[in-house]
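Participant: query_18.cif is reproduced in full below (mmCIF, C-alpha atoms and all ligand atoms).
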```
data_target
loop_
_atom_site.label_atom_id
_atom_site.label_comp_id
_atom_site.auth_asym_id
_atom_site.auth_seq_id
_atom_site.Cartn_x
_atom_site.Cartn_y
_atom_site.Cartn_z
CA MET A 14 -3.99 -18.02 1.77
CA LEU A 15 -1.81 -16.53 -0.96
CA THR A 16 0.93 -14.12 0.15
CA LEU A 17 2.92 -12.13 -2.43
CA LYS A 18 5.86 -9.84 -1.73
CA CYS A 19 5.29 -6.49 -3.43
CA PRO A 20 8.54 -5.65 -5.28
CA TYR A 21 7.85 -1.92 -4.98
CA CYS A 22 7.34 -1.47 -1.22
CA GLY A 23 8.66 -4.81 0.08
CA VAL A 24 5.51 -5.70 2.05
CA HIS A 25 4.56 -9.38 2.22
CA ALA A 26 0.98 -8.73 1.25
CA ASP A 27 -1.87 -11.04 2.08
CA GLU A 28 -4.15 -11.79 -0.89
CA THR A 29 -6.87 -9.59 0.63
CA GLU A 30 -4.55 -6.56 0.36
CA LEU A 31 -4.12 -7.17 -3.38
CA HIS A 32 -6.24 -6.92 -6.49
CA PRO A 33 -5.81 -9.51 -9.27
CA GLY A 34 -5.16 -8.27 -12.80
CA SER A 35 -5.34 -11.45 -14.91
CA GLU A 36 -2.52 -12.77 -17.09
CA ALA A 37 0.88 -11.11 -17.38
CA HIS A 38 2.93 -10.41 -20.51
CA LEU A 39 -0.01 -9.87 -22.85
CA LYS A 40 1.10 -8.18 -26.03
CA ARG A 41 -1.38 -5.53 -27.05
CA TYR A 42 -2.63 -5.62 -30.63
CA GLY A 43 -4.58 -2.58 -31.79
CA PRO A 44 -5.39 -0.79 -35.06
CA GLY A 45 -3.56 -2.32 -38.03
CA SER A 46 -3.29 -5.82 -36.51
CA SER A 47 -4.87 -8.91 -38.05
CA ASP A 48 -8.20 -10.29 -36.81
CA ASP A 49 -6.39 -13.32 -35.36
CA GLU A 50 -3.92 -11.16 -33.44
CA PHE A 51 -6.66 -8.95 -32.06
CA GLU A 52 -8.82 -11.93 -31.08
CA GLY A 53 -5.82 -13.51 -29.34
CA TYR A 54 -5.07 -10.32 -27.43
CA LEU A 55 -8.68 -9.93 -26.32
CA PHE A 56 -9.73 -13.50 -25.59
CA MET A 57 -7.01 -16.16 -25.68
CA ARG A 58 -5.55 -16.99 -22.24
CA GLU A 59 -3.34 -19.79 -20.96
CA ASN A 60 -5.38 -20.66 -17.84
CA PRO A 61 -2.88 -23.37 -16.87
CA LYS A 62 -2.89 -25.90 -14.06
CA GLY A 63 0.67 -25.28 -12.90
CA VAL A 64 3.21 -22.54 -13.67
CA HIS A 65 1.52 -19.22 -14.37
CA PHE A 66 2.39 -15.54 -14.70
CA GLU A 67 -0.05 -12.94 -13.40
CA ARG A 68 -0.53 -9.24 -12.82
CA TRP A 69 -1.39 -8.09 -9.31
CA ARG A 70 -1.93 -4.66 -7.83
CA HIS A 71 -0.94 -3.78 -4.25
CA VAL A 72 -4.21 -1.93 -4.04
CA TYR A 73 -4.47 -1.41 -0.27
CA GLY A 74 -0.74 -0.71 0.01
CA CYS A 75 1.58 1.28 -2.23
CA GLY A 76 -0.88 1.09 -5.15
CA LYS A 77 1.63 -0.31 -7.67
CA TRP A 78 1.04 -3.02 -10.27
CA PHE A 79 3.56 -5.88 -10.24
CA LEU A 80 3.95 -9.33 -11.78
CA ALA A 81 4.04 -12.71 -10.06
CA ALA A 82 5.09 -16.21 -11.06
CA ARG A 83 3.32 -18.98 -9.17
CA ASP A 84 1.80 -22.43 -9.44
CA THR A 85 -1.99 -22.32 -9.75
CA ASN A 86 -2.21 -25.91 -8.56
CA THR A 87 -0.14 -25.75 -5.36
CA LEU A 88 -0.24 -21.95 -4.71
CA GLU A 89 3.57 -22.05 -4.50
CA VAL A 90 5.03 -18.64 -5.34
CA PHE A 91 8.24 -18.62 -7.41
CA GLY A 92 8.75 -14.88 -7.20
CA THR A 93 7.41 -11.39 -7.90
CA TYR A 94 8.95 -8.75 -10.14
CA SER A 95 8.55 -5.32 -11.68
CA ALA A 96 5.73 -4.68 -14.15
CA GLN A 97 8.16 -2.64 -16.27
CA THR A 98 9.26 -5.69 -18.26
CA THR A 99 7.98 -7.66 -21.25
CA GLU A 100 9.28 -11.05 -20.09
CA PRO A 101 10.07 -12.83 -16.82
CA PRO A 102 13.55 -11.92 -15.46
CA GLN A 103 16.26 -14.61 -15.57
CA GLU A 104 16.23 -15.20 -11.80
CA ILE A 105 12.47 -15.88 -11.89
CA LYS A 106 12.90 -18.36 -14.76
CA GLU A 107 15.70 -20.08 -12.82
CA ALA A 108 13.59 -20.26 -9.66
CA ILE A 109 10.82 -21.98 -11.63
CA THR A 110 13.24 -24.35 -13.38
CA ALA A 111 14.66 -25.39 -9.99
CA LYS A 112 11.19 -26.50 -8.88
CA ARG A 113 9.49 -27.42 -12.19
CA PRO A 114 12.17 -28.65 -14.64
CA GLY A 115 10.98 -28.49 -18.24
CA TRP A 116 8.22 -25.94 -17.59
CA SER A 117 6.92 -23.79 -20.41
CA TRP A 118 4.37 -21.01 -20.65
CA ARG A 119 3.54 -19.37 -23.98
CA GLU A 120 6.91 -18.59 -25.62
CA PHE A 121 8.82 -18.73 -22.30
CA GLN A 122 10.60 -21.77 -20.87
CA MET B 20 -14.89 30.93 6.22
CA SER B 21 -16.57 27.89 7.73
CA GLU B 22 -15.28 26.26 10.89
CA ALA B 23 -13.26 23.12 10.15
CA VAL B 24 -14.30 20.06 12.18
CA SER B 25 -12.61 16.66 12.22
CA VAL B 26 -14.73 13.69 11.13
CA MET B 27 -15.79 12.47 14.61
CA ASN B 28 -15.47 15.92 16.18
CA GLY B 29 -13.13 14.80 18.96
CA ALA B 30 -15.07 11.67 19.98
CA GLU B 31 -13.45 9.18 22.34
CA ARG B 32 -14.29 5.62 23.37
CA GLY B 33 -12.86 3.00 25.70
CA THR B 34 -10.96 3.04 28.96
CA SER B 35 -8.09 0.52 29.12
CA ILE B 36 -7.66 0.90 25.37
CA ARG B 37 -8.72 4.36 24.25
CA VAL B 38 -9.78 5.15 20.66
CA ARG B 39 -10.06 8.84 19.88
CA ASP B 40 -10.51 11.20 16.98
CA ALA B 41 -7.04 12.77 16.85
CA GLY B 42 -8.43 16.03 15.50
CA LEU B 43 -7.53 18.16 12.51
CA GLN B 44 -4.17 17.29 10.99
CA GLY B 45 -2.70 18.99 7.95
CA MET B 46 -1.87 16.37 5.30
CA ILE B 47 -0.23 16.94 1.94
CA THR B 48 0.18 14.31 -0.75
CA LEU B 49 3.45 14.89 -2.59
CA ARG B 50 4.32 12.91 -5.70
CA GLY B 51 7.56 13.16 -7.60
CA ASP B 52 11.10 11.80 -7.85
CA LEU B 53 11.94 11.07 -4.19
CA SER B 54 15.67 10.94 -4.96
CA ALA B 55 15.77 14.46 -6.48
CA ALA B 56 17.77 17.03 -4.49
CA LYS B 57 15.12 19.72 -5.07
CA LEU B 58 12.37 17.53 -3.66
CA LYS B 59 14.47 16.48 -0.68
CA SER B 60 15.23 20.06 0.32
CA ALA B 61 11.58 21.12 -0.21
CA VAL B 62 10.38 18.32 2.10
CA LYS B 63 12.95 19.32 4.72
CA ALA B 64 11.83 22.94 4.54
CA ALA B 65 8.13 22.01 4.85
CA THR B 66 8.39 19.46 7.67
CA GLY B 67 11.83 19.70 9.27
CA HIS B 68 12.36 16.02 8.42
CA ALA B 69 14.39 14.24 5.74
CA VAL B 70 12.70 11.96 3.17
CA PRO B 71 12.36 8.62 4.99
CA LYS B 72 13.39 5.21 3.67
CA ALA B 73 10.80 2.83 2.20
CA ARG B 74 7.88 2.10 4.59
CA GLU B 75 9.18 4.54 7.21
CA ILE B 76 7.85 7.71 8.83
CA ALA B 77 9.38 10.59 10.78
CA PHE B 78 6.84 12.44 12.94
CA ALA B 79 7.23 14.83 15.88
CA ASP B 80 5.14 17.72 17.28
CA GLY B 81 2.53 17.70 14.51
CA LYS B 82 5.06 17.68 11.67
CA GLY B 83 6.24 14.68 9.75
CA VAL B 84 6.83 12.89 6.50
CA ALA B 85 5.79 9.35 5.58
CA TRP B 86 6.91 7.12 2.67
CA MET B 87 3.75 5.99 0.88
CA SER B 88 5.08 4.45 -2.36
CA PRO B 89 8.23 4.73 -4.52
CA ASP B 90 6.97 8.07 -5.88
CA GLU B 91 4.69 9.36 -3.12
CA LEU B 92 5.11 10.96 0.30
CA LEU B 93 2.56 12.12 2.85
CA LEU B 94 3.64 15.34 4.55
CA LEU B 95 2.13 16.12 7.95
CA VAL B 96 1.96 19.75 9.06
CA PRO B 97 -0.31 21.70 11.45
CA TYR B 98 -3.81 21.95 9.90
CA GLY B 99 -3.72 25.73 9.43
CA GLU B 100 -0.34 25.65 7.69
CA ALA B 101 -1.18 23.13 4.93
CA ASP B 102 -2.15 25.62 2.20
CA ALA B 103 0.96 27.75 2.79
CA ALA B 104 3.12 24.59 2.79
CA VAL B 105 1.65 23.51 -0.56
CA ALA B 106 2.38 26.95 -2.02
CA SER B 107 6.01 26.74 -0.82
CA LEU B 108 6.37 23.20 -2.21
CA GLU B 109 4.96 24.27 -5.58
CA ALA B 110 7.36 27.20 -5.74
CA ALA B 111 10.35 25.04 -4.75
CA LEU B 112 9.43 22.28 -7.23
CA ALA B 113 8.42 24.51 -10.17
CA GLY B 114 9.51 22.97 -13.46
CA THR B 115 9.95 19.45 -12.03
CA HIS B 116 7.55 16.53 -12.64
CA SER B 117 5.76 16.66 -9.29
CA LEU B 118 2.41 17.25 -7.59
CA ALA B 119 1.53 18.62 -4.15
CA VAL B 120 -2.09 18.59 -2.93
CA ASN B 121 -3.63 19.58 0.40
CA VAL B 122 -5.71 16.50 1.32
CA SER B 123 -6.30 17.45 5.00
CA ASP B 124 -10.09 17.62 4.65
CA ALA B 125 -10.23 14.33 2.73
CA ARG B 126 -8.71 12.37 5.62
CA ALA B 127 -9.66 11.17 9.09
CA PHE B 128 -7.06 10.81 11.84
CA PHE B 129 -7.39 8.55 14.89
CA ALA B 130 -5.26 7.45 17.83
CA VAL B 131 -5.41 4.07 19.59
CA GLU B 132 -3.80 4.22 23.02
CA GLY B 133 -3.16 1.53 25.61
CA ALA B 134 -1.02 -1.49 26.43
CA SER B 135 -3.00 -3.64 23.97
CA ALA B 136 -3.00 -1.16 21.09
CA ARG B 137 -1.22 -3.71 18.87
CA ASP B 138 -4.03 -6.21 19.42
CA VAL B 139 -6.66 -3.72 18.23
CA ILE B 140 -4.93 -3.50 14.84
CA ALA B 141 -4.00 -7.20 14.63
CA LYS B 142 -7.68 -8.14 14.74
CA ILE B 143 -8.72 -5.99 11.79
CA ALA B 144 -5.70 -5.80 9.44
CA PRO B 145 -3.70 -8.52 7.59
CA VAL B 146 -0.47 -7.30 9.21
CA ASP B 147 1.95 -9.12 11.52
CA MET B 148 1.81 -6.87 14.60
CA HIS B 149 4.45 -8.75 16.59
CA PRO B 150 7.09 -6.27 17.92
CA ASP B 151 9.75 -8.18 15.93
CA SER B 152 7.86 -7.41 12.70
CA PHE B 153 6.45 -3.92 13.23
CA GLY B 154 7.43 -1.06 15.51
CA PRO B 155 7.76 2.71 15.94
CA GLY B 156 9.25 4.48 12.91
CA GLU B 157 7.45 2.30 10.37
CA LEU B 158 4.32 3.16 8.42
CA ARG B 159 2.04 0.48 7.02
CA ARG B 160 -0.57 1.03 4.32
CA THR B 161 -3.15 -1.74 4.42
CA ARG B 162 -6.84 -2.37 4.88
CA MET B 163 -8.70 -2.39 8.18
CA ALA B 164 -11.72 -4.67 7.72
CA GLN B 165 -13.19 -3.23 4.50
CA ALA B 166 -11.53 0.20 4.37
CA ALA B 167 -8.10 1.35 3.19
CA ALA B 168 -5.93 2.73 6.01
CA ALA B 169 -2.39 3.63 7.00
CA PHE B 170 -1.00 3.47 10.51
CA TRP B 171 2.18 4.01 12.49
CA MET B 172 3.26 3.74 16.12
CA SER B 173 4.71 6.75 17.92
CA ASP B 174 5.57 4.50 20.88
CA ALA B 175 4.84 0.95 22.06
CA GLU B 176 1.35 1.92 23.28
CA THR B 177 0.24 4.56 20.77
CA ILE B 178 -0.91 3.84 17.21
CA HIS B 179 -2.03 6.55 14.80
CA VAL B 180 -4.47 5.63 12.02
CA ILE B 181 -5.25 7.58 8.84
CA CYS B 182 -8.09 6.79 6.44
CA PHE B 183 -10.40 8.52 3.98
CA ARG B 184 -12.82 10.88 5.72
CA SER B 185 -15.72 9.24 3.84
CA VAL B 186 -15.16 6.07 5.92
CA GLY B 187 -14.26 7.95 9.14
CA GLN B 188 -17.33 6.85 11.11
CA TYR B 189 -16.85 3.24 9.95
CA MET B 190 -13.18 3.30 10.99
CA PHE B 191 -13.90 4.86 14.40
CA ASP B 192 -16.61 2.27 15.15
CA LEU B 193 -14.37 -0.53 13.87
CA LEU B 194 -11.42 0.50 16.07
CA ALA B 195 -13.69 1.02 19.08
CA THR B 196 -15.33 -2.40 18.62
CA SER B 197 -11.95 -4.09 18.25
CA ALA B 198 -10.69 -2.27 21.37
CA GLU B 199 -13.80 -3.18 23.39
CA THR B 200 -13.17 -6.91 23.17
CA GLY B 201 -9.66 -6.44 24.57
CA ALA B 202 -6.34 -8.17 23.99
CA VAL B 203 -5.90 -11.34 21.96
CA GLU B 204 -2.81 -12.15 24.02
CA ALA B 205 -0.90 -13.20 20.92
CA PHE B 206 2.13 -11.00 21.45
ZN ZN A 301 3.50 -2.41 -2.46
#
```
Would you kindly transcribe this structure into structure tokens?

Facilitator:
Amino acid sequence: MLTLKCPYCGVHADETELHPGSEAHLKRYGPGSSDDEFEGYLFMRENPKGVHFERWRHVYGCGKWFLAARDTNTLEVFGTYSAQTTEPPQEIKEAITAKRPGWSWREFQ
Amino acid sequence: MSEAVSVMNGAERGTSIRVRDAGLQGMITLRGDLSAAKLKSAVKAATGHAVPKAREIAFADGKGVAWMSPDELLLLVPYGEADAAVASLEAALAGTHSLAVNVSDARAFFAVEGASARDVIAKIAPVDMHPDSFGPGELRRTRMAQAAAAFWMSDAETIHVICFRSVGQYMFDLLATSAETGAVEAF
């Protein structure tokens, strides 16, 4: 069972209290972008076995969207953080590095 | 004017653990900047209580205020006073980014009473109901089986449950069924 701490209300929420929202840190490409950029935004996902960044919504709780860093292979959670950011905070990156030295995910490492 | 009736019209079930329709309760959803002085004084005027800390509730004699999210409160007032309270809130908060809505008729309100009240909730919600983890003064928004709900304890043997009125019958039956099978003796 996956348990994530909601950074907005502080509840340690069981997976069944949450709604998944796919990959985090997608950059939106709209009108004026190239076909490759738009295709990447719509369809290209990391889908890794290992370190991953995701969006989750505390749907049965405070209702807020937040972001989570975890390992898709072991279900280990490295941390959760505000959705009002375009990249993982330093302390999240450090928490991952402590457990998975040399990790990388898209442009982050 | 039609006569207002609560979702289960005062129904009760159980003996050692009692589940009952707690009747009509005025409820107002208030959204805005919870740290703003104007909002704080408007909440105090409407309920007699200060804005609570995260995940907490203050409730006494039919009036209260619960923290629902970083920008949302639930104000509890007597059923007949909700519209007037909304009007006062709107006047006090005019010009600020805020919203007050009377949601009394969109909600159901139940009470679970008895020594094993904690067990009734523990069986149907993904919440640690051990006294070290949850107690009076806290409010928890969660799911109960398949329906969204919020609950708080007014004392060690009394739990109040709020949910959408559209799932009121489901929630009443769910609580009653959980109560019927008694304690899990986990606490
Ligand atoms: Zn939350």

Participant: List every residue of chain B that has an atom at most 6 Å from any atom of chain A, giving for each one its closest atom pair and the distance in Å to one decimal, counting only C-alpha atoms, sorted by chain and then by ascending residue number, as a Markdown table.

Facilitator:
```
| residue | atom | partner | partner_atom | distance |
| --- | --- | --- | --- | --- |
| B:Ser88 | CA | A:Cys75 | CA | 4.7 |
| B:Arg160 | CA | A:Gly74 | CA | 4.7 |
| B:Thr161 | CA | A:Tyr73 | CA | 4.9 |
| B:Arg162 | CA | A:Tyr73 | CA | 5.7 |
| B:Ala167 | CA | A:Tyr73 | CA | 5.7 |
```

Participant: Neighbouring residues of B:Leu94 were defined as those with any atom within 10 Å, considering only C-alpha atoms; residues of the same chain fewer than 5 positions away were excluded. Please report them as a ChimeraX atom specification.

Facilitator: /B:45-49,62,65-66,68,70,76-78,82-86,101,104-105,119-122

Participant: Store the residues picked out above in a file with C-alpha atoms, as a tab-separated table (two decimals), in the coordinates of the input.

Facilitator:
```tsv
chain	number	residue	atom	x	y	z
B	45	GLY	CA	-2.70	18.99	7.95
B	46	MET	CA	-1.87	16.37	5.30
B	47	ILE	CA	-0.23	16.94	1.94
B	48	THR	CA	0.18	14.31	-0.75
B	49	LEU	CA	3.45	14.89	-2.59
B	62	VAL	CA	10.38	18.32	2.10
B	65	ALA	CA	8.13	22.01	4.85
B	66	THR	CA	8.39	19.46	7.67
B	68	HIS	CA	12.36	16.02	8.42
B	70	VAL	CA	12.70	11.96	3.17
B	76	ILE	CA	7.85	7.71	8.83
B	77	ALA	CA	9.38	10.59	10.78
B	78	PHE	CA	6.84	12.44	12.94
B	82	LYS	CA	5.06	17.68	11.67
B	83	GLY	CA	6.24	14.68	9.75
B	84	VAL	CA	6.83	12.89	6.50
B	85	ALA	CA	5.79	9.35	5.58
B	86	TRP	CA	6.91	7.12	2.67
B	101	ALA	CA	-1.18	23.13	4.93
B	104	ALA	CA	3.12	24.59	2.79
B	105	VAL	CA	1.65	23.51	-0.56
B	119	ALA	CA	1.53	18.62	-4.15
B	120	VAL	CA	-2.09	18.59	-2.93
B	121	ASN	CA	-3.63	19.58	0.40
B	122	VAL	CA	-5.71	16.50	1.32
```

Participant: From the set B:Leu194, B:Ala61, B:Ile178, B:Val26, which residue has the shortest atom-to-atom contact distance to B:Pro155, counting only C-alpha atoms?

Facilitator: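 Among the listed residues, the smallest separation from B:Pro155 belongs to B:Ile178.
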
Participant: Residues near stretch 55-57 of chain A, anyone? I mean within 10 Å using only C-alpha atoms, not counting same-chain ones fewer than 6 positions away, as an MDAnalysis selection string.

Facilitator: chainID A and resid 39:42 49

Participant: With all atoms listed in the file as the basis for distance, which of A:Phe79, A:Phe51, A:Trp116, A:Phe121 is at the shortest distance from ligand ZN 301 (chain A)?

Facilitator: A:Phe79

Participant: Let me make sure I understand: among B:Lys57, B:Arg39, B:Arg126, B:Arg74, which one has the smallest atom-to-atom distance to ligand ZN 301 (chain A) if we use only C-alpha atoms and all ligand atoms?

Facilitator: B:Arg74

Participant: Which value, in Å to one decimal, gives the distance between atom CA of B:Gly114 and atom CA of A:Ala96?

Facilitator: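 Separation between atom CA of B:Gly114 and atom CA of A:Ala96: 27.9 Å.
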